[in-house]
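Pasted below: work-v5.pdb, PDB, C-alpha atoms.
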```pdb
ATOM      1  CA  MET A   1      -2.455  19.101   2.944  1.00  0.00           C
ATOM      2  CA  SER A   2      -0.647  18.676  -0.353  1.00  0.00           C
ATOM      3  CA  MET A   3       0.987  15.434  -1.445  1.00  0.00           C
ATOM      4  CA  THR A   4       4.371  17.159  -1.277  1.00  0.00           C
ATOM      5  CA  VAL A   5       3.957  17.825   2.431  1.00  0.00           C
ATOM      6  CA  VAL A   6       2.692  14.296   3.036  1.00  0.00           C
ATOM      7  CA  GLY A   7       5.728  12.892   1.218  1.00  0.00           C
ATOM      8  CA  LEU A   8       8.040  15.140   3.204  1.00  0.00           C
ATOM      9  CA  VAL A   9       6.546  14.020   6.519  1.00  0.00           C
ATOM     10  CA  ALA A  10       6.664  10.351   5.517  1.00  0.00           C
ATOM     11  CA  GLY A  11      10.280  10.673   4.431  1.00  0.00           C
ATOM     12  CA  MET A  12      11.248  12.384   7.663  1.00  0.00           C
ATOM     13  CA  ALA A  13       9.480   9.693   9.717  1.00  0.00           C
ATOM     14  CA  LEU A  14      11.309   6.956   7.831  1.00  0.00           C
ATOM     15  CA  GLY A  15      14.583   8.816   8.217  1.00  0.00           C
ATOM     16  CA  PHE A  16      14.183   9.164  11.976  1.00  0.00           C
ATOM     17  CA  ALA A  17      13.154   5.512  12.306  1.00  0.00           C
ATOM     18  CA  GLY A  18      16.156   4.386  10.294  1.00  0.00           C
ATOM     19  CA  TYR A  19      18.596   6.594  12.174  1.00  0.00           C
ATOM     20  CA  PHE A  20      17.425   5.929  15.712  1.00  0.00           C
ATOM     21  CA  GLY A  21      15.951   2.439  15.419  1.00  0.00           C
ATOM     22  CA  GLY A  22      17.987   0.783  12.707  1.00  0.00           C
ATOM     23  CA  PHE A  23      16.910  -1.046   9.601  1.00  0.00           C
ATOM     24  CA  GLY A  24      14.238  -3.125  11.380  1.00  0.00           C
ATOM     25  CA  ALA A  25      12.484   0.008  12.609  1.00  0.00           C
ATOM     26  CA  PHE A  26      12.743   1.511   9.120  1.00  0.00           C
ATOM     27  CA  ILE A  27      10.996  -1.513   7.595  1.00  0.00           C
ATOM     28  CA  LEU A  28       8.340  -1.537  10.340  1.00  0.00           C
ATOM     29  CA  VAL A  29       7.529   2.144   9.838  1.00  0.00           C
ATOM     30  CA  ALA A  30       7.406   1.707   6.053  1.00  0.00           C
ATOM     31  CA  ALA A  31       5.069  -1.309   6.318  1.00  0.00           C
ATOM     32  CA  LEU A  32       2.752   0.387   8.789  1.00  0.00           C
ATOM     33  CA  GLY A  33       2.736   3.491   6.621  1.00  0.00           C
ATOM     34  CA  ALA A  34       1.693   1.439   3.600  1.00  0.00           C
ATOM     35  CA  ILE A  35      -1.091  -0.226   5.593  1.00  0.00           C
ATOM     36  CA  GLY A  36      -2.254   3.160   6.830  1.00  0.00           C
ATOM     37  CA  PHE A  37      -2.199   4.530   3.292  1.00  0.00           C
ATOM     38  CA  VAL A  38      -4.397   1.722   1.978  1.00  0.00           C
ATOM     39  CA  ALA A  39      -6.759   2.045   4.960  1.00  0.00           C
ATOM     40  CA  GLY A  40      -7.043   5.781   4.377  1.00  0.00           C
ATOM     41  CA  ARG A  41      -7.793   5.309   0.684  1.00  0.00           C
ATOM     42  CA  PHE A  42     -10.416   2.707   1.628  1.00  0.00           C
ATOM     43  CA  LEU A  43     -12.079   5.044   4.141  1.00  0.00           C
ATOM     44  CA  ASP A  44     -12.055   7.907   1.636  1.00  0.00           C
ATOM     45  CA  GLY A  45     -13.876   5.689  -0.844  1.00  0.00           C
ATOM     46  CA  ASP A  46     -11.094   5.680  -3.434  1.00  0.00           C
ATOM     47  CA  VAL A  47     -10.580   1.919  -3.119  1.00  0.00           C
ATOM     48  CA  ALA A  48     -13.325  -0.687  -2.746  1.00  0.00           C
ATOM     49  CA  ALA A  49     -12.824  -3.860  -0.724  1.00  0.00           C
ATOM     50  CA  TRP A  50     -14.116  -6.021  -3.586  1.00  0.00           C
ATOM     51  CA  GLU A  51     -11.124  -4.957  -5.694  1.00  0.00           C
ATOM     52  CA  PHE A  52      -8.875  -6.941  -3.357  1.00  0.00           C
ATOM     53  CA  LEU A  53     -11.216  -9.895  -2.846  1.00  0.00           C
ATOM     54  CA  ARG A  54     -12.594 -10.653  -6.298  1.00  0.00           C
ATOM     55  CA  ALA A  55     -11.305 -13.620  -8.238  1.00  0.00           C
ATOM     56  CA  ARG A  56      -9.657 -12.835 -11.534  1.00  0.00           C
ATOM     57  CA  THR A  57     -11.104 -14.838 -14.374  1.00  0.00           C
ATOM     58  CA  GLY A  58      -9.855 -14.982 -17.907  1.00  0.00           C
ATOM     59  CA  ASP A  59      -6.401 -13.667 -17.033  1.00  0.00           C
ATOM     60  CA  ARG A  60      -4.628 -16.892 -17.856  1.00  0.00           C
ATOM     61  CA  ASP A  61      -5.043 -19.031 -20.945  1.00  0.00           C
ATOM     62  CA  ASP A  62      -4.301 -22.325 -19.177  1.00  0.00           C
ATOM     63  CA  ARG A  63      -7.650 -22.223 -17.312  1.00  0.00           C
ATOM     64  CA  ARG A  64      -9.535 -22.727 -20.573  1.00  0.00           C
ATOM     65  CA  ARG A  65      -7.829 -26.009 -21.403  1.00  0.00           C
TER      66      ARG A  65
END
```
The structure in this file should be written as structure tokens.
Amino acid sequence: MSMTVVGLVAGMALGFAGYFGGFGAFILVAALGAIGFVAGRFLDGDVAAWEFLRARTGDRDDRRR
């Protein structure tokens, strides 16, 4: 399935949720869609769990003082 079709389906789902359920349902569907997207990328192997859990070192200069 192409990304265009996936975007179309996601947009239609958000549209239906917003129309029939209101703004709260729209936000809930968008949040669950984002969680599902990240979970799918993780299961496909495109994202590794350590990328979210590792500590960032050397990003800020004030740690060296």
Can you measure atom CA of A:Ala10 to atom CA of A:Val29 for me? One decimal in Å is fine.
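Atom CA of A:Val29 lies 9.3 Å from atom CA of A:Ala10.
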Could you give me the centre and size, in Å to one decimal, of an axis-aligned box around all listed atoms of stretch 25-32 of chain A with 8 Å added on every side, as AutoDock Vina command-line options?
```
--center_x 7.7 --center_y 0.3 --center_z 9.3 --size_x 26.0 --size_y 19.7 --size_z 22.6
```
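A straight-line distance of 16.7 Å separates atom CA of A:Ala39 from atom CA of A:Met3.
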Please provide as a VMD selection string all residues within 12 Å of A:Ala25, with the sequence filter that same-chain residues fewer than 5 positions apart are discarded (counting only C-alpha atoms).
chain A and resid 13 to 20 30 to 33
note - atom CA of A:Ser2 and atom CA of A:Ala49 are separated by 25.6 Å
